[in-house]
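Below is one structure, written out as structure tokens; comments come after it.
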Amino acid sequence: MTPTTNPAQTLAQAMAQLPLIAILRGLTPAEAPAMGEVLVSSGFAIIEVPLNSPEPLHSIATLSRLVPHALIGAGTVLNAQQVKDVHAAGGRLV
């Protein structure tokens, strides 16, 4: 997936590549690199780390850095501060 600056277009491109979202509930930061690589090599373009996972912002930052062409973000987002925290970690969707 080629990154774009238009969020709607980025999401549409990711969904066109594979209309599934990998939700990594309970992912730990130590597991993030291997999981990200396996998912992206399998065709996934959207990866979600729920914020009720262990150290989710660390996992999001790791995934965003290691698989920059994937759309990485968070689920179980409950307030505006968490949206800011996800963005600061490199997440591009909530």
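All residue names refer to the structure tokens as shown: chains lettered A, B, ... in order, residues numbered from 1 in each chain, ligands numbered from 1 in order.
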Original post:
What's the 12 Å shell around region 38-44 of chain A, counting only C-alpha atoms, without same-chain residues fewer than 6 positions away, as a ChimeraX atom specification?
Top reply: /A:1,13-24,31-32,63-64,66-72
**OP:** Write out as a PyMOL selection string which residues come within 12 Å of Ala61 (chain A) when counting only C-alpha atoms, dropping same-chain ones fewer than 6 positions away.
**Re:** chain A and resi 28-29+32-33+36+48-49+55+67-68+71-74+85-92
Original post:
With distances taken over only C-alpha atoms, which of A:Leu51, A:Ala30, A:Leu57, A:Leu93 is nearest to Val77 (chain A)?
Top reply: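 Counting only C-alpha atoms, the residue closest to Val77 (chain A) is A:Leu51.
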**OP:** Rank A:Val83, A:Arg65, A:Asn52, A:Leu11 by their smallest atom-to-atom distance to Glu37 (chain A), using only C-alpha atoms, and report the top residue only.
**Re:**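 Among the listed residues, A:Arg65 lies closest to Glu37 (chain A).
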**OP:** Grab the CA of Met35 (chain A) to CA of Ile47 (chain A) distance for me, in Å with one decimal place.
**Re:**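 Taking CA of Met35 (chain A) and CA of Ile47 (chain A), their separation equals 9.8 Å.
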**OP:** Apply DSSP to the structure's backbone, then extract all residues of chain A labelled alpha helix (DSSP H) and return them as number ranges by chain.
**Re:** A: 7-17, 32-41, 56-66, 80-88
**OP:** Using only C-alpha atoms, find the one residue out of A:Val94, A:Pro54, A:Asn6, A:Ala45 that sits nearest to Thr76 (chain A).
**Re:** A:Val94
Original post:
Which is closer to Gly75 (chain A) than all the others in A:Leu27, A:Ala34, A:Ala8, A:Pro50, using only C-alpha atoms?
Top reply: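 Between A:Leu27, A:Ala34, A:Ala8, A:Pro50, the residue approaching Gly75 (chain A) most closely is A:Pro50.
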**OP:** Would you return as an MDAnalysis selection string the members of chain A that DSSP assigns to strand (DSSP E or B) on this structure's backbone?
**Re:** chainID A and resid 22:23 46:50 71:75 93
Subject >> CA of Ile46 (chain A) to CA of Ile60 (chain A), distance in Å rounded to a single decimal >> reply: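 Value for the CA of Ile46 (chain A)-CA of Ile60 (chain A) distance: 11.9 Å.
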